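Colleague: Structure file query_3.txt (compact mmCIF, C-alpha atoms) right here:
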# COMPACT_ATOMS: atom_id res chain seq x y z
CA MET A 1 -178.11 21.47 -125.73
CA LEU A 2 -178.31 19.59 -122.40
CA GLN A 3 -179.35 16.05 -121.54
CA VAL A 4 -179.35 14.72 -117.97
CA LYS A 5 -180.10 11.00 -117.73
CA GLU A 6 -180.84 8.99 -114.59
CA ILE A 7 -178.29 10.72 -112.35
CA HIS A 8 -177.84 9.73 -108.71
CA THR A 9 -175.98 12.26 -106.57
CA TYR A 10 -174.78 11.99 -102.98
CA TYR A 11 -173.42 14.30 -100.30
CA GLY A 12 -171.16 11.92 -98.43
CA LEU A 13 -173.38 8.98 -97.50
CA SER A 14 -176.60 10.93 -98.07
CA HIS A 15 -178.40 9.99 -101.29
CA ILE A 16 -179.88 13.27 -102.61
CA LEU A 17 -180.86 12.77 -106.26
CA PHE A 18 -182.65 9.59 -107.38
CA GLY A 19 -182.51 9.00 -111.14
CA VAL A 20 -183.05 12.61 -112.22
CA SER A 21 -183.54 13.07 -115.97
CA LEU A 22 -184.22 16.27 -117.91
CA GLU A 23 -183.48 17.90 -121.25
CA VAL A 24 -183.02 21.48 -122.42
CA GLY A 25 -183.18 22.31 -126.12
CA LYS A 26 -181.24 25.11 -127.81
CA GLY A 27 -182.92 28.49 -127.28
CA GLU A 28 -185.32 27.24 -124.60
CA ILE A 29 -185.91 28.41 -121.07
CA VAL A 30 -186.70 25.31 -119.01
CA CYS A 31 -187.56 25.63 -115.33
CA LEU A 32 -186.90 23.19 -112.51
CA LEU A 33 -189.46 23.75 -109.77
CA GLY A 34 -189.68 22.43 -106.25
CA ARG A 35 -189.85 23.31 -102.59
CA ASN A 36 -186.81 24.08 -100.44
CA GLY A 37 -184.68 20.95 -100.14
CA ALA A 38 -186.34 19.21 -103.07
CA GLY A 39 -183.06 18.80 -104.99
CA LYS A 40 -183.00 21.80 -107.34
CA SER A 41 -179.60 23.17 -106.33
CA THR A 42 -178.04 19.70 -106.20
CA THR A 43 -179.23 19.08 -109.75
CA MET A 44 -177.61 22.33 -110.88
CA ARG A 45 -174.39 21.53 -109.01
CA SER A 46 -174.34 18.05 -110.55
CA ILE A 47 -174.63 19.49 -114.05
CA MET A 48 -171.88 22.06 -113.38
CA GLY A 49 -169.51 19.43 -112.00
CA LEU A 50 -169.47 20.83 -108.47
CA THR A 51 -171.14 17.72 -107.01
CA PRO A 52 -170.63 15.03 -109.66
CA PRO A 53 -173.22 12.24 -109.80
CA ARG A 54 -172.11 8.72 -108.91
CA SER A 55 -174.17 7.17 -111.70
CA GLY A 56 -176.11 8.25 -114.75
CA TYR A 57 -174.71 10.68 -117.30
CA ILE A 58 -174.86 14.29 -118.46
CA LYS A 59 -174.40 15.38 -122.08
CA TYR A 60 -173.72 18.94 -123.17
CA LYS A 61 -173.97 19.74 -126.88
CA GLY A 62 -174.16 16.01 -127.52
CA VAL A 63 -170.91 15.18 -125.71
CA THR A 64 -170.80 13.34 -122.38
CA CYS A 65 -169.43 15.69 -119.72
CA THR A 66 -170.33 13.85 -116.51
CA GLY A 67 -167.94 14.75 -113.70
CA GLN A 68 -165.87 17.22 -115.72
CA LYS A 69 -164.28 20.05 -113.73
CA PRO A 70 -166.39 23.24 -113.59
CA TYR A 71 -163.70 25.38 -115.25
CA LEU A 72 -163.62 23.02 -118.24
CA LEU A 73 -167.41 23.20 -118.58
CA ALA A 74 -167.22 27.00 -118.37
CA ARG A 75 -164.69 27.01 -121.21
CA GLN A 76 -167.11 24.94 -123.27
CA GLY A 77 -169.86 27.51 -122.82
CA MET A 78 -171.71 26.57 -119.64
CA GLY A 79 -172.44 29.48 -117.29
CA TYR A 80 -173.53 29.11 -113.68
CA VAL A 81 -175.28 31.50 -111.29
CA PRO A 82 -175.29 29.91 -107.82
CA ASP A 83 -178.11 30.38 -105.34
CA ASN A 84 -175.77 31.98 -102.77
CA ARG A 85 -174.40 34.57 -105.24
CA ARG A 86 -170.74 34.21 -104.15
CA VAL A 87 -169.49 37.60 -105.36
CA PHE A 88 -165.87 38.53 -104.67
CA ALA A 89 -166.59 40.90 -101.79
CA ASP A 90 -163.21 42.67 -101.74
CA LEU A 91 -163.24 43.40 -105.46
CA THR A 92 -165.19 46.18 -107.14
CA VAL A 93 -168.11 45.51 -109.46
CA GLY A 94 -165.89 46.18 -112.46
CA GLU A 95 -163.14 43.88 -111.17
CA ASN A 96 -165.67 41.08 -110.56
CA LEU A 97 -166.62 41.35 -114.21
CA GLU A 98 -163.11 41.64 -115.62
CA ILE A 99 -161.79 38.49 -113.96
CA SER A 100 -164.70 36.50 -115.47
CA LYS A 101 -164.18 37.72 -119.01
CA GLY A 102 -164.30 34.94 -121.58
CA LYS A 103 -163.47 34.95 -125.25
CA PRO A 104 -166.52 35.47 -127.50
CA LYS A 105 -166.98 32.71 -130.03
CA ASP A 106 -168.23 34.92 -132.87
CA GLY A 107 -166.81 38.33 -131.99
CA LYS A 108 -170.22 39.53 -130.84
CA GLY A 109 -170.24 38.16 -127.32
CA TRP A 110 -170.63 39.70 -123.91
CA ASP A 111 -168.15 42.33 -122.74
CA LYS A 112 -168.28 44.91 -119.99
CA ASP A 113 -170.03 47.53 -122.12
CA ARG A 114 -172.75 45.11 -123.21
CA VAL A 115 -173.26 43.90 -119.64
CA TYR A 116 -173.62 47.50 -118.46
CA ASP A 117 -176.16 48.16 -121.22
CA PHE A 118 -178.04 45.11 -119.98
CA PHE A 119 -177.80 46.08 -116.28
CA PRO A 120 -177.47 49.90 -116.27
CA ASP A 121 -177.59 50.01 -112.47
CA LEU A 122 -174.28 48.15 -112.32
CA LYS A 123 -172.53 50.79 -114.42
CA LYS A 124 -173.36 53.41 -111.80
CA ILE A 125 -171.57 51.39 -109.11
CA ASP A 126 -168.63 50.13 -111.17
CA SER A 127 -166.07 51.19 -108.53
CA ARG A 128 -168.03 49.99 -105.46
CA LYS A 129 -166.80 46.89 -103.67
CA ALA A 130 -169.15 43.97 -104.14
CA GLY A 131 -169.35 43.31 -100.40
CA PHE A 132 -171.22 46.59 -99.98
CA LEU A 133 -173.93 45.87 -102.55
CA SER A 134 -177.56 45.16 -101.77
CA GLY A 135 -178.99 41.69 -102.39
CA GLY A 136 -180.51 42.79 -105.69
CA GLU A 137 -177.28 44.42 -106.85
CA GLN A 138 -175.30 41.30 -105.95
CA GLN A 139 -177.73 39.14 -107.92
CA MET A 140 -177.39 41.39 -110.97
CA LEU A 141 -173.60 41.21 -110.61
CA THR A 142 -173.64 37.41 -110.32
CA ILE A 143 -175.70 37.07 -113.51
CA ALA A 144 -173.54 39.68 -115.27
CA ARG A 145 -170.38 37.84 -114.20
CA ALA A 146 -171.75 34.60 -115.71
CA LEU A 147 -172.61 36.44 -118.94
CA MET A 148 -169.03 37.71 -119.17
CA THR A 149 -167.91 34.10 -119.68
CA ASN A 150 -169.94 34.15 -122.93
CA PRO A 151 -172.06 31.07 -122.23
CA ASP A 152 -174.31 29.18 -124.62
CA LEU A 153 -176.17 27.61 -121.69
CA LEU A 154 -176.88 29.49 -118.46
CA LEU A 155 -177.75 27.65 -115.25
CA LEU A 156 -179.71 30.05 -113.02
CA ASP A 157 -180.21 28.79 -109.47
CA GLU A 158 -182.93 30.62 -107.50
CA PRO A 159 -182.24 34.09 -109.00
CA THR A 160 -185.25 35.76 -107.30
CA GLU A 161 -184.78 34.29 -103.82
CA GLY A 162 -184.94 36.88 -101.02
CA LEU A 163 -185.37 39.86 -103.34
CA ALA A 164 -187.90 42.68 -103.25
CA PRO A 165 -190.83 42.51 -105.72
CA LEU A 166 -189.53 45.41 -107.84
CA ILE A 167 -186.12 43.72 -108.24
CA ILE A 168 -187.80 40.40 -109.06
CA LYS A 169 -189.84 42.09 -111.80
CA MET A 170 -186.70 43.69 -113.27
CA LEU A 171 -184.80 40.37 -113.21
CA GLU A 172 -187.72 38.58 -114.85
CA GLU A 173 -187.68 41.10 -117.70
CA GLN A 174 -183.93 40.71 -118.12
CA ILE A 175 -184.05 36.91 -118.15
CA ALA A 176 -186.72 37.11 -120.86
CA ARG A 177 -184.34 39.32 -122.84
CA LEU A 178 -181.62 36.68 -122.51
CA LYS A 179 -183.87 34.21 -124.28
CA GLU A 180 -184.52 36.76 -127.04
CA SER A 181 -180.74 37.05 -127.49
CA GLY A 182 -180.62 33.29 -128.22
CA LEU A 183 -179.25 32.10 -124.89
CA THR A 184 -180.43 28.75 -123.54
CA VAL A 185 -181.43 28.78 -119.84
CA LEU A 186 -182.11 26.17 -117.18
CA LEU A 187 -183.86 28.00 -114.34
CA ALA A 188 -184.21 26.47 -110.87
CA GLU A 189 -186.83 28.47 -109.02
CA GLN A 190 -189.33 28.45 -106.17
CA ASN A 191 -191.27 31.44 -107.47
CA LEU A 192 -193.87 29.55 -109.49
CA SER A 193 -195.50 32.51 -111.24
CA VAL A 194 -192.20 34.00 -112.43
CA ALA A 195 -190.86 30.63 -113.59
CA LEU A 196 -193.97 29.73 -115.56
CA ARG A 197 -194.13 33.13 -117.26
CA LEU A 198 -190.52 32.81 -118.38
CA SER A 199 -190.22 29.15 -119.34
CA ASP A 200 -191.27 26.98 -122.26
CA ARG A 201 -191.32 23.74 -120.27
CA ALA A 202 -191.24 22.75 -116.62
CA TYR A 203 -189.92 19.91 -114.51
CA VAL A 204 -191.09 19.43 -110.93
CA ILE A 205 -188.68 17.82 -108.46
CA ASP A 206 -189.58 16.51 -105.01
CA ASN A 207 -187.43 14.50 -102.59
CA GLY A 208 -184.72 14.19 -105.22
CA SER A 209 -186.91 12.72 -107.98
CA ILE A 210 -188.61 14.28 -111.01
CA ARG A 211 -192.35 14.01 -110.39
CA TYR A 212 -193.74 15.88 -113.39
CA HIS A 213 -192.73 17.20 -116.79
CA GLY A 214 -194.80 19.21 -119.23
CA THR A 215 -195.20 22.58 -120.89
CA SER A 216 -195.49 25.58 -118.62
CA LYS A 217 -199.08 26.03 -119.78
CA GLU A 218 -199.91 22.43 -118.85
CA LEU A 219 -198.43 22.86 -115.38
CA GLN A 220 -200.30 26.13 -114.90
CA GLU A 221 -203.54 24.25 -115.57
CA ASN A 222 -202.66 21.24 -113.40
CA ASP A 223 -203.90 22.13 -109.93
CA GLU A 224 -203.24 18.65 -108.55
CA VAL A 225 -199.50 18.69 -109.30
CA ARG A 226 -199.07 22.27 -108.09
CA GLN A 227 -200.90 21.57 -104.84
CA LYS A 228 -199.07 18.31 -104.18
CA TYR A 229 -195.48 19.36 -104.95
CA LEU A 230 -195.23 23.15 -105.05
CA CYS A 231 -197.57 24.68 -102.48
CA VAL A 232 -196.17 25.26 -98.99
Let me see the structure of the file written as structure tokens.

Modeller:
Amino acid sequence: MLQVKEIHTYYGLSHILFGVSLEVGKGEIVCLLGRNGAGKSTTMRSIMGLTPPRSGYIKYKGVTCTGQKPYLLARQGMGYVPDNRRVFADLTVGENLEISKGKPKDGKGWDKDRVYDFFPDLKKIDSRKAGFLSGGEQQMLTIARALMTNPDLLLLDEPTEGLAPLIIKMLEEQIARLKESGLTVLLAEQNLSVALRLSDRAYVIDNGSIRYHGTSKELQENDEVRQKYLCV
């Protein structure tokens, strides 16, 4: 589904990613773990075309898509949930969803009713402006808005950051349900326990380079890697 090969990404003159490579297979949840500033969000932005890499390449569904505009990638089935949520504050919950509506590929995709079945709490606040939502409600809305585009691959950047434990537990359950529905997910996350419970495989990034790759079970059992790259 996704192949990232030896990408180098910069912000201006600052070299942020150094030869990052990773792969995500169809139907997998793969997590990208690392401390704050390790390069997780830049990797996600590079894949989504928001901060295109200067070298290396990215393939989506077997086709090179390096540097393509985000809206073109979205049309091809790539969904993106940014770490800063970026809801449309002056629009209602329902309006945020409607403007993101994409055409389902098989007639059985995501629409407003299905999203509200998935996140019942959003249905109750359909007419509330997004700027007045709590952090947890905004995160649900951001994920729901990405689902409305009917993606095949969902890039989830720090979905549990800054949320209360009860909301984190609910989001974890919902992300697991996304996998059951057949969606492929790349999850960038700091919350190690949540990420390892959800994912099939894990990559660890530190200072802009991939330092480890293995199954989630292997990482759970590797104290040395977790202590060196993931513990604060």

Colleague: For Glu23 (chain A), find every residue with an atom within 8 Å (counting all atoms listed in the file), except residues of its own chain fewer than 6 positions away, and show them as a list in words.

Modeller: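 The filter keeps Met1, Leu2, Gln3 and Val4 of chain A.
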
Colleague: Is there a way to get, as a PyMOL selection string, all residues within 9 Å of the point (-172.7, 18.0, -123.2) in file coordinates, counting all atoms listed in the file?

Modeller: chain A and resi 1-3+58-66+73+76

Colleague: Met140 (chain A): which residues within 8 Å, counting all atoms listed in the file, same-chain residues fewer than 5 positions away excluded, as a list in words?

Modeller: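 Selected residues are Phe119, Leu122 and Leu171 of chain A.
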
Colleague: Return the single residue from A:Val115, A:Ala130, A:Ser41, A:Ser193 that is closest to Ile168 (chain A), with distances computed using all atoms listed in the file.

Modeller: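 Closest to Ile168 (chain A), using all atoms listed in the file: A:Ser193.
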
Colleague: Would you mind reading off the distance between CA of Arg128 (chain A) and CA of Asp90 (chain A), one decimal, in Å?

Modeller: 9.5 Å

Colleague: Mind running region 3-42 of chain A against region 183-192 of chain A at 12 Å and telling me each contacting residue's nearest atom pair with the distance in Å (one decimal), counting only C-alpha atoms, chain and number ascending, as CSV?

Modeller:
residue,atom,partner,partner_atom,distance
A:Gln3,CA,A:Leu186,CA,11.4
A:Val4,CA,A:Leu186,CA,11.8
A:Leu22,CA,A:Leu186,CA,10.1
A:Glu23,CA,A:Leu186,CA,9.3
A:Val24,CA,A:Leu186,CA,7.1
A:Gly25,CA,A:Thr184,CA,7.5
A:Lys26,CA,A:Thr184,CA,5.7
A:Gly27,CA,A:Thr184,CA,4.5
A:Glu28,CA,A:Thr184,CA,5.2
A:Ile29,CA,A:Val185,CA,4.7
A:Val30,CA,A:Leu186,CA,5.0
A:Cys31,CA,A:Leu187,CA,4.5
A:Leu32,CA,A:Ala188,CA,4.5
A:Leu33,CA,A:Glu189,CA,5.5
A:Gly34,CA,A:Gln190,CA,6.0
A:Arg35,CA,A:Gln190,CA,6.3
A:Asn36,CA,A:Gln190,CA,7.6
A:Gly37,CA,A:Gln190,CA,10.7
A:Ala38,CA,A:Gln190,CA,10.2
A:Gly39,CA,A:Ala188,CA,9.7
A:Lys40,CA,A:Ala188,CA,6.0
A:Ser41,CA,A:Ala188,CA,7.3
A:Thr42,CA,A:Ala188,CA,10.3

Colleague: How far is it from CA of Glu172 (chain A) to CA of Leu196 (chain A), in Å with one decimal?

Modeller: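 Taking CA of Glu172 (chain A) as the start and CA of Leu196 (chain A) as the end point, the length is 10.9 Å.
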
Colleague: Could you jot down the CA of Met148 (chain A) to CA of Ser181 (chain A) separation for me, Å, one decimal place?

Modeller: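 Between CA of Met148 (chain A) and CA of Ser181 (chain A) the gap works out to 14.4 Å.
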
Colleague: Rank A:Ser199, A:Asn207, A:Ser134, A:Ser100 by their smallest atom-to-atom distance to Ala164 (chain A), using all atoms listed in the file, and report the top residue only.

Modeller: A:Ser134

Colleague: Kindly indicate which residue among A:Gln174, A:Gln227, A:Thr51, A:Ser14 lies nearest to Leu198 (chain A), using all atoms listed in the file for the distances.

Modeller: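 That would be A:Gln174, the residue with the smallest distance to Leu198 (chain A).
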
Colleague: Which is closest to Ile99 (chain A) among A:Gln138, A:Ala146, A:Pro53, A:Phe132, if we use only C-alpha atoms?

Modeller: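 Going through A:Gln138, A:Ala146, A:Pro53, A:Phe132 one by one, the smallest distance to Ile99 (chain A) is for A:Ala146.
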
Colleague: For each of A:Arg54, A:Lys103, A:Lys124, A:Arg197, take the minimum atom-to-atom distance to Gly77 (chain A), counting all atoms listed in the file, then give the residue where this is smallest.

Modeller: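 Residue with the minimum atom-to-atom distance to Gly77 (chain A): A:Lys103.
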
Colleague: A:Gln220, A:Glu95, A:Phe118, A:Arg145: which is nearest Ile175 (chain A), counting only C-alpha atoms?

Modeller: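 Closest to Ile175 (chain A) of all the choices is A:Phe118.
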
Colleague: List the neighbours of Gly214 (chain A) out to 8 Å using all atoms listed in the file; skip same-chain residues closer than 3 positions along the sequence, and give me the result as a PyMOL selection string.

Modeller: chain A and resi 201-203+218-219
